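Dumped input-v6.cif below, it's mmCIF, C-alpha atoms:
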data_entry
loop_
_atom_site.label_atom_id
_atom_site.label_comp_id
_atom_site.auth_asym_id
_atom_site.auth_seq_id
_atom_site.Cartn_x
_atom_site.Cartn_y
_atom_site.Cartn_z
CA MET A 26 18.97 48.22 7.66
CA ALA A 27 20.57 51.56 6.95
CA ASP A 28 24.05 51.30 5.54
CA GLY A 29 24.79 54.85 4.47
CA ARG A 30 24.87 54.13 0.73
CA PRO A 31 22.74 56.03 -1.76
CA GLY A 32 19.51 54.33 -2.61
CA ARG A 33 19.46 52.40 0.67
CA GLY A 34 17.58 54.85 2.79
CA GLY A 35 20.52 55.33 5.17
CA PRO A 36 22.19 58.56 6.26
CA GLY A 37 23.45 60.46 3.25
CA GLY A 38 21.30 58.41 0.93
CA ASN A 39 18.54 59.65 -1.31
CA GLY A 40 15.77 58.27 0.88
CA VAL A 41 14.79 55.55 -1.58
CA THR A 42 14.41 52.10 -0.07
CA ALA A 43 16.22 49.33 -1.96
CA ARG A 44 13.98 47.01 -3.89
CA PRO A 45 13.78 43.40 -2.80
CA PRO A 46 15.50 40.98 -5.19
CA ARG A 47 13.31 39.93 -8.07
CA ALA A 48 12.29 36.30 -8.16
CA VAL A 49 12.79 34.27 -11.31
CA ARG A 50 9.35 34.11 -12.90
CA LEU A 51 7.82 31.55 -15.21
CA GLY A 52 6.48 32.47 -18.61
CA GLY A 53 3.37 31.09 -20.27
CA ARG A 54 4.98 28.03 -21.83
CA ALA A 55 6.64 27.01 -18.59
CA VAL A 56 3.39 27.46 -16.64
CA ALA A 57 1.62 25.25 -19.18
CA ALA A 58 4.33 22.58 -18.91
CA LEU A 59 4.25 22.76 -15.11
CA THR A 60 0.45 22.43 -15.05
CA LEU A 61 0.60 19.44 -17.38
CA VAL A 62 3.28 17.57 -15.45
CA SER A 63 1.53 18.27 -12.14
CA ALA A 64 -1.78 16.97 -13.47
CA ILE A 65 -0.12 13.81 -14.76
CA GLY A 66 1.73 13.46 -11.47
CA VAL A 67 -1.48 13.67 -9.44
CA ALA A 68 -3.07 11.05 -11.68
CA ALA A 69 0.01 8.82 -11.43
CA PHE A 70 0.03 9.01 -7.63
CA GLY A 71 -3.69 8.56 -7.15
CA TRP A 72 -5.04 6.27 -9.83
CA PRO A 73 -4.58 3.04 -7.81
CA LEU A 74 -7.13 4.32 -5.31
CA LEU A 75 -9.74 4.18 -8.06
CA ALA A 76 -8.52 1.00 -9.77
CA ASP A 77 -10.79 -2.02 -10.04
CA PRO A 78 -9.72 -5.45 -8.78
CA GLY A 79 -8.98 -6.73 -12.28
CA SER A 80 -6.41 -4.04 -13.02
CA GLY A 81 -3.57 -5.99 -11.45
CA LEU A 82 -1.22 -4.90 -8.71
CA ALA A 83 -1.05 -1.12 -8.88
CA HIS A 84 2.31 0.45 -9.79
CA SER A 85 3.96 -2.96 -10.23
CA GLU A 86 3.69 -2.84 -14.02
CA ASP A 87 3.13 0.84 -14.76
CA ALA A 88 6.27 2.16 -13.06
CA PRO A 89 8.58 1.83 -16.11
CA TRP A 90 6.01 3.59 -18.29
CA LEU A 91 5.55 6.37 -15.77
CA PHE A 92 9.32 6.73 -15.52
CA ALA A 93 9.56 7.12 -19.29
CA LEU A 94 6.69 9.63 -19.34
CA LEU A 95 7.32 11.77 -16.27
CA LEU A 96 11.07 12.27 -16.58
CA PRO A 97 10.91 14.00 -20.00
CA LEU A 98 7.99 16.11 -18.81
CA LEU A 99 9.90 17.22 -15.73
CA LEU A 100 12.84 18.18 -17.90
CA ALA A 101 10.42 19.96 -20.25
CA VAL A 102 9.47 22.33 -17.43
CA VAL A 103 13.09 23.41 -17.14
CA MET A 104 13.59 23.63 -20.90
CA ALA A 105 10.40 25.66 -21.36
CA THR A 106 11.56 28.02 -18.64
CA ILE A 107 14.92 28.48 -20.32
CA ALA A 108 13.36 28.95 -23.76
CA ASP A 109 10.84 31.57 -22.67
CA ASP A 110 11.87 34.88 -24.19
CA GLU A 111 10.16 37.26 -21.77
CA ASP A 112 10.41 35.82 -18.27
CA GLY A 113 12.52 32.75 -18.83
CA LEU A 114 15.70 31.74 -17.13
CA SER A 115 18.70 33.75 -18.27
CA ALA A 116 22.23 32.40 -18.36
CA LYS A 117 22.76 33.76 -14.84
CA SER A 118 19.70 32.03 -13.41
CA VAL A 119 20.58 28.78 -15.20
CA ALA A 120 24.00 28.95 -13.57
CA MET A 121 22.43 29.54 -10.16
CA LEU A 122 20.04 26.65 -10.77
CA GLY A 123 22.98 24.35 -11.46
CA VAL A 124 24.96 25.50 -8.44
CA LEU A 125 22.05 25.13 -6.02
CA ALA A 126 21.06 21.74 -7.46
CA ALA A 127 24.62 20.51 -7.03
CA ALA A 128 24.73 21.84 -3.46
CA GLY A 129 21.44 20.17 -2.60
CA ALA A 130 22.54 16.88 -4.14
CA ALA A 131 25.73 17.00 -2.11
CA LEU A 132 23.76 17.61 1.10
CA ARG A 133 21.48 14.61 0.70
CA PRO A 134 24.05 11.85 1.42
CA LEU A 135 25.12 13.58 4.66
CA GLY A 136 22.16 12.04 6.45
CA GLY A 137 22.97 8.64 5.03
CA GLY A 138 19.23 7.87 4.96
CA THR A 139 19.27 7.51 8.74
CA ALA A 140 15.75 7.91 10.14
CA GLY A 141 14.74 10.07 7.19
CA ILE A 142 17.31 12.78 7.95
CA GLU A 143 17.96 14.66 4.69
CA PRO A 144 19.56 18.13 5.02
CA MET A 145 18.77 19.04 1.42
CA PHE A 146 15.17 19.96 2.28
CA PHE A 147 16.00 23.21 4.05
CA LEU A 148 18.09 24.51 1.13
CA VAL A 149 15.36 23.73 -1.39
CA VAL A 150 12.72 25.46 0.75
CA LEU A 151 14.81 28.60 1.24
CA SER A 152 15.72 28.76 -2.44
CA GLY A 153 12.08 28.46 -3.46
CA ARG A 154 11.23 31.28 -1.04
CA VAL A 155 13.79 33.69 -2.49
CA LEU A 156 13.75 32.74 -6.18
CA GLY A 157 10.06 32.06 -6.68
CA PRO A 158 7.78 29.06 -7.26
CA GLY A 159 8.85 28.35 -10.84
CA PHE A 160 12.54 28.32 -10.04
CA GLY A 161 11.77 26.35 -6.89
CA PHE A 162 9.97 23.57 -8.76
CA SER A 163 12.80 23.26 -11.27
CA LEU A 164 15.37 23.27 -8.49
CA GLY A 165 13.54 20.66 -6.41
CA ALA A 166 13.16 18.29 -9.35
CA LEU A 167 16.75 18.72 -10.56
CA THR A 168 18.17 18.39 -7.06
CA MET A 169 16.41 15.08 -6.53
CA PHE A 170 17.50 13.89 -9.99
CA ALA A 171 21.14 14.82 -9.34
CA SER A 172 21.13 13.29 -5.87
CA ALA A 173 19.70 10.04 -7.26
CA LEU A 174 22.56 9.86 -9.72
CA LEU A 175 25.04 10.66 -6.97
CA THR A 176 23.75 8.09 -4.48
CA GLY A 177 22.75 5.38 -6.96
CA GLY A 178 19.07 5.83 -6.14
CA VAL A 179 17.84 5.65 -9.73
CA GLY A 180 14.67 3.62 -10.09
CA PRO A 181 10.96 3.81 -10.93
CA TRP A 182 10.41 5.87 -7.77
CA MET A 183 12.70 8.68 -8.93
CA PRO A 184 10.16 10.66 -11.04
CA PHE A 185 7.76 10.55 -8.09
CA GLN A 186 10.50 11.89 -5.82
CA MET A 187 11.27 14.66 -8.30
CA LEU A 188 7.61 15.65 -8.46
CA SER A 189 7.18 15.63 -4.68
CA MET A 190 10.32 17.67 -4.08
CA GLY A 191 9.39 20.10 -6.85
CA TRP A 192 5.94 20.64 -5.36
CA GLY A 193 7.47 21.29 -1.95
CA ALA A 194 9.82 23.96 -3.31
CA LEU A 195 7.04 25.46 -5.41
CA GLY A 196 4.92 25.85 -2.28
CA ALA A 197 7.74 27.71 -0.54
CA GLY A 198 7.73 30.23 -3.37
CA LEU A 199 3.98 30.76 -2.95
CA LEU A 200 4.16 31.59 0.76
CA PRO A 201 2.89 35.09 1.63
CA GLY A 202 5.06 38.07 2.50
CA ALA A 203 7.91 37.40 0.06
CA ALA A 204 8.53 41.13 -0.47
CA ARG A 205 7.88 42.44 3.04
CA LEU A 206 8.20 39.76 5.70
CA ARG A 207 11.69 39.54 7.15
CA GLY A 208 13.44 38.55 10.36
CA ARG A 209 12.10 36.18 12.98
CA GLY A 210 8.58 36.11 11.55
CA GLU A 211 9.84 34.89 8.19
CA LEU A 212 12.06 32.26 9.79
CA VAL A 213 9.17 30.91 11.85
CA LEU A 214 6.98 30.79 8.73
CA LEU A 215 9.65 28.96 6.73
CA ALA A 216 10.49 26.58 9.58
CA GLY A 217 6.83 25.65 9.96
CA TYR A 218 6.42 25.20 6.23
CA GLY A 219 9.63 23.16 6.03
CA ALA A 220 8.37 20.81 8.73
CA VAL A 221 4.94 20.41 7.13
CA SER A 222 6.36 19.92 3.62
CA SER A 223 8.85 17.32 4.92
CA ILE A 224 6.01 15.25 6.35
CA ALA A 225 3.90 15.86 3.24
CA TYR A 226 6.78 14.63 1.06
CA GLY A 227 6.91 11.32 2.90
CA THR A 228 3.12 10.99 2.85
CA ILE A 229 2.90 11.64 -0.89
CA MET A 230 5.73 9.20 -1.58
CA ASN A 231 3.81 6.55 0.36
CA LEU A 232 1.21 6.64 -2.40
CA GLN A 233 3.89 5.36 -4.74
CA GLY A 234 5.00 2.45 -2.55
CA TRP A 235 1.88 1.55 -0.58
CA PRO A 236 -0.08 -0.06 -3.47
CA TYR A 237 2.66 -2.69 -3.74
CA LEU A 238 1.11 -4.16 -0.58
CA GLY A 239 -2.10 -4.89 -2.46
CA GLY A 240 -3.48 -8.27 -1.51
CA ALA A 241 -1.38 -8.59 1.64
CA SER A 242 -3.05 -9.81 4.79
CA SER A 243 -2.09 -6.79 6.85
CA GLY A 244 -4.86 -4.46 7.96
CA VAL A 245 -2.97 -1.48 6.49
CA SER A 246 -2.46 -2.95 3.00
CA PHE A 247 -3.98 -1.63 -0.19
CA VAL A 248 -7.04 -3.49 -1.47
CA PRO A 249 -7.72 -2.85 -5.18
CA GLY A 250 -11.37 -2.18 -5.86
CA ASP A 251 -12.33 -1.41 -2.27
CA PRO A 252 -14.31 1.79 -1.63
CA LEU A 253 -12.14 4.90 -1.55
CA PRO A 254 -12.88 5.78 2.12
CA ASP A 255 -11.81 2.28 3.23
CA ASN A 256 -8.55 2.45 1.31
CA LEU A 257 -7.86 5.97 2.60
CA ALA A 258 -8.35 4.77 6.17
CA ARG A 259 -5.85 1.96 5.57
CA PHE A 260 -3.46 4.45 3.98
CA VAL A 261 -3.56 6.73 7.04
CA ALA A 262 -2.92 3.73 9.28
CA TYR A 263 -0.05 2.69 7.01
CA CYS A 264 1.57 6.14 7.25
CA LEU A 265 1.24 6.21 11.03
CA ALA A 266 2.67 2.71 11.41
CA THR A 267 5.57 2.94 8.97
CA SER A 268 6.79 6.25 7.56
CA LEU A 269 5.99 8.62 10.42
CA GLY A 270 9.16 7.55 12.20
CA TRP A 271 11.12 8.81 9.18
CA ASP A 272 9.05 11.88 8.36
CA VAL A 273 9.12 13.45 11.82
CA PRO A 274 12.95 13.47 12.17
CA ARG A 275 13.17 14.96 8.67
CA ALA A 276 10.68 17.64 9.64
CA VAL A 277 12.51 18.46 12.89
CA LEU A 278 15.88 18.67 11.15
CA THR A 279 14.48 20.91 8.41
CA ALA A 280 12.93 23.29 10.94
CA VAL A 281 16.10 23.44 13.04
CA LEU A 282 18.30 24.13 10.01
CA VAL A 283 15.96 26.87 8.81
CA LEU A 284 15.97 28.57 12.21
CA THR A 285 19.75 28.33 12.68
CA LEU A 286 21.22 28.62 9.19
CA GLY A 287 18.25 30.31 7.53
CA PRO A 288 19.33 33.94 8.14
CA PHE A 289 22.72 33.37 6.51
CA VAL A 290 21.38 31.36 3.57
CA LEU A 291 18.53 33.80 2.90
CA ARG A 292 20.93 36.74 3.02
CA ALA A 293 23.34 35.04 0.62
CA LEU A 294 20.57 34.06 -1.81
CA ARG A 295 19.05 37.53 -1.81
CA ARG A 296 22.42 39.18 -2.29
CA ALA A 297 23.20 36.87 -5.20
CA THR A 298 19.77 37.48 -6.72
CA ARG A 299 20.12 41.24 -6.37
CA ARG A 300 23.55 41.29 -7.96
CA ALA A 301 22.53 38.94 -10.75
CA ALA A 302 19.68 41.34 -11.62
CA PHE A 303 17.48 38.63 -13.15
CA GLY A 304 15.27 40.01 -15.87
CA ALA A 305 17.16 43.30 -16.24
CA PRO A 306 17.11 44.45 -19.88
CA VAL A 307 20.40 44.51 -21.71
CA ALA A 308 21.20 47.93 -23.20
CA PHE A 309 24.09 48.86 -25.43
CA GLY A 310 25.38 52.44 -25.33
CA ALA A 311 26.57 54.43 -28.32
CA PRO A 312 30.25 53.93 -29.15
CA VAL A 313 32.62 56.63 -27.94
CA ALA A 314 34.55 58.49 -30.63
CA SER A 315 38.31 58.07 -30.55
CA GLY A 316 38.91 61.80 -30.07
CA ALA A 317 36.27 62.31 -27.41
CA GLY A 318 38.91 62.74 -24.75
CA ASP A 319 40.25 65.88 -26.46
CA ALA A 320 36.86 67.51 -27.03
CA PRO A 321 35.98 70.64 -24.99
CA GLY A 322 34.65 69.60 -21.64
CA GLY A 323 35.89 66.05 -22.14
CA PRO A 324 38.15 64.14 -19.79
CA GLY A 325 41.23 65.76 -21.35
CA ALA A 326 39.95 69.35 -21.22
CA PRO A 327 41.53 71.90 -18.86
CA GLY A 328 39.79 71.97 -15.53
CA ALA A 329 37.92 68.73 -16.16
CA PRO A 330 37.98 66.18 -13.34
CA PRO A 331 40.31 63.21 -13.87
CA PRO A 332 38.65 60.05 -15.11
CA SER A 333 37.57 57.71 -12.32
CA ARG A 334 39.61 54.57 -11.93
#

Please render this file's structure as structure tokens.
Amino acid sequence: MADGRPGRGGPGGNGVTARPPRAVRLGGRAVAALTLVSAIGVAAFGWPLLADPGSGLAHSEDAPWLFALLLPLLLAVVMATIADDEDGLSAKSVAMLGVLAAAGAALRPLGGGTAGIEPMFFLVVLSGRVLGPGFGFSLGALTMFASALLTGGVGPWMPFQMLSMGWGALGAGLLPGAARLRGRGELVLLAGYGAVSSIAYGTIMNLQGWPYLGGASSGVSFVPGDPLPDNLARFVAYCLATSLGWDVPRAVLTAVLVLTLGPFVLRALRRATRRAAFGAPVAFGAPVASGAGDAPGGPGAPGAPPPSR
């Protein structure tokens, strides 16, 4: 939109369109850490489907070990991002990460766990869209960690929640049109993605809890050692019979919040990102001599314009 300021393409400007805010990018070390933790997360979620009957009840004994393994790796993604010298998080982006994680953690208890309603999802999706996939993953994981501490939800499921939320925010940063798509089209895209990712979050988290039903008599329970297609069919039936009633309200709420509050939140995030100037090089000018003001043509010279205040 034209606003009449130079560099904005408005009347009286120089005709140059303002650049979109730069997303916080991940460097090589952070990408490697993110790839590693995602690979371990996929294995941790899915190994019970390939377990043999003699392996014991899936996830009943491995959860403490996975907690001890995944939590440091999740934190390593953030630390590797901060430590990266070229594209890592600066002090400004670390501060924004903390503020957004605290805001998301504060939003989670507002739903009180009623029917899966969790307002934090829309903020994480919008933040991942504006600030990029790397920042989004870190934000999603930290937001879930902080909210677990706030609500007393610490347990062996927490690293799985952090992974699932991080993946959802990472996906928002990978959506197309980040530099060009704006307005209603972008809101529809983000609302649709928010709804899909909300359902996907619940479905993925079912893989953590569903194997506990191993050996139960129900037709939707996990059966260790059964062929993979049979267990997948039971898993789909389990999701439809149990968690869908929680996932759909979460998806609807996320889409509604994106469509109603999205324009204001996106504008605020992009303004903050633009003003923070993530990744801008720091340059130090030459020191000004003490008598520069009295030099010919300087601020103190006759006819020279007064110094700007």

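Using all atoms listed in the file, the protein and nucleic acid residues lying no more than 9 Å from stretch 260-268 of chain A, apart from those fewer than 2 places from it along its own chain, are Gly141, Gly227, Thr228, Asn231, Leu232, Trp235, Gly244, Val245, Ser246, Phe247, Asp255, Asn256, Leu257, Ala258, Gly270, Trp271, Asp272 and Val273 of chain A.
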
Note to self: Running the PyMOL selection byres ((chain A and resi 125) around 9) on this model by hand, what would come out? Give it as a ChimeraX atom specification.
What the structure shows: /A:120-124,126-130,148-149,152,164,168

Next item on the list: Identify which of the residues A:Val283, A:Val56, A:Ile229, A:Val150 lies closest to A:Gly196, counting all atoms listed in the file when measuring atom-to-atom distances.
Entry: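 Residue with the minimum atom-to-atom distance to A:Gly196: A:Val150.
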
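Distance check against A:Leu94 using all atoms listed in the file: of A:Pro184, A:Gly157, A:Gly53, A:Gly178, the minimum falls on A:Pro184.
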
Check: For the atom pair atom CA of A:Thr176 and atom CA of A:Leu294, what is the interatomic distance in Å to one decimal place?
Finding: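 Spanning atom CA of A:Thr176 to atom CA of A:Leu294 is a straight-line distance of 26.3 Å.
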
Checklist line | Point-to-point distance in Å for atom CA of A:Pro249 and atom CA of A:Gly234 | finding: 14.0 Å

Next item on the list: Would you kindly return, as a PyMOL selection string, each protein, DNA or RNA residue with an atom no farther than 8 Å from any atom of A:Met169, considering only C-alpha atoms and excluding same-chain residues fewer than 5 positions away?
Entry: chain A and resi 130+183+186-187+190

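The space between atom CA of A:Ala194 and atom CA of A:Ala93 spans 23.2 Å.
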
Note to self: Measuring between all atoms listed in the file, which one of A:Val290, A:Leu284, A:Ala297, A:Leu151 shows the shortest distance to A:Ala203?
What the structure shows: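 Selected residue with least distance to A:Ala203: A:Leu151.
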
Note to self: Since I can't run it myself right now, could you work out what the PyMOL selection byres ((chain A and resi 199) around 12) selects here and report it as a PyMOL selection string?
What the structure shows: chain A and resi 48+50+150-162+192-198+200-204+215+218

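The set of residues that the PyMOL selection byres ((chain A and resi 71) around 12) takes from this file is Ala64, Ile65, Gly66, Val67, Ala68, Ala69, Phe70, Trp72, Pro73, Leu74, Leu75, Ala76, Ala83, His84, Phe185, Ile229, Met230, Asn231, Leu232, Gln233, Gly234, Trp235, Pro236, Leu253, Asn256, Leu257 and Phe260 of chain A.
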
Notebook entry, point to check: Skipping near chain neighbours, those fewer than 4 positions away, what residues fall within 10 Å of A:Pro288 using all atoms listed in the file, listed as a ChimeraX atom specification?
Noted result: /A:151,207-209,211-212,283-284,292-293

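Among the candidate residues A:Val248, A:Leu214, A:Ala55, A:Val62, the one lying nearest to A:Leu188 is A:Val62, with distances computed using only C-alpha atoms.
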
For stretch 279-297 of chain A, what centre and edge lengths in Å (one decimal) does the axis-aligned box get once 8 Å is added on each side of all its listed atoms, as AutoDock Vina command-line options?
--center_x 18.1 --center_y 30.0 --center_z 3.9 --size_x 26.4 --size_y 34.3 --size_z 34.2

Next item on the list: Choose the residue, out of A:Ser222, A:Ala58, A:Phe170, A:Leu175, that has the smallest atom-to-atom separation from A:Leu135; count all atoms listed in the file.
Entry: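 Among the listed residues, the smallest separation from A:Leu135 belongs to A:Leu175.
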
Checklist line | Contacts of A:Gly219 within 7 Å, only C-alpha atoms, excl. fewer than 2 positions in-chain, as a list in words | finding: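 Using only C-alpha atoms, the neighbours found are Phe147, Val150, Leu215, Ala216, Gly217, Val221, Ser222, Ser223, Ala276, Thr279 and Ala280 of chain A.
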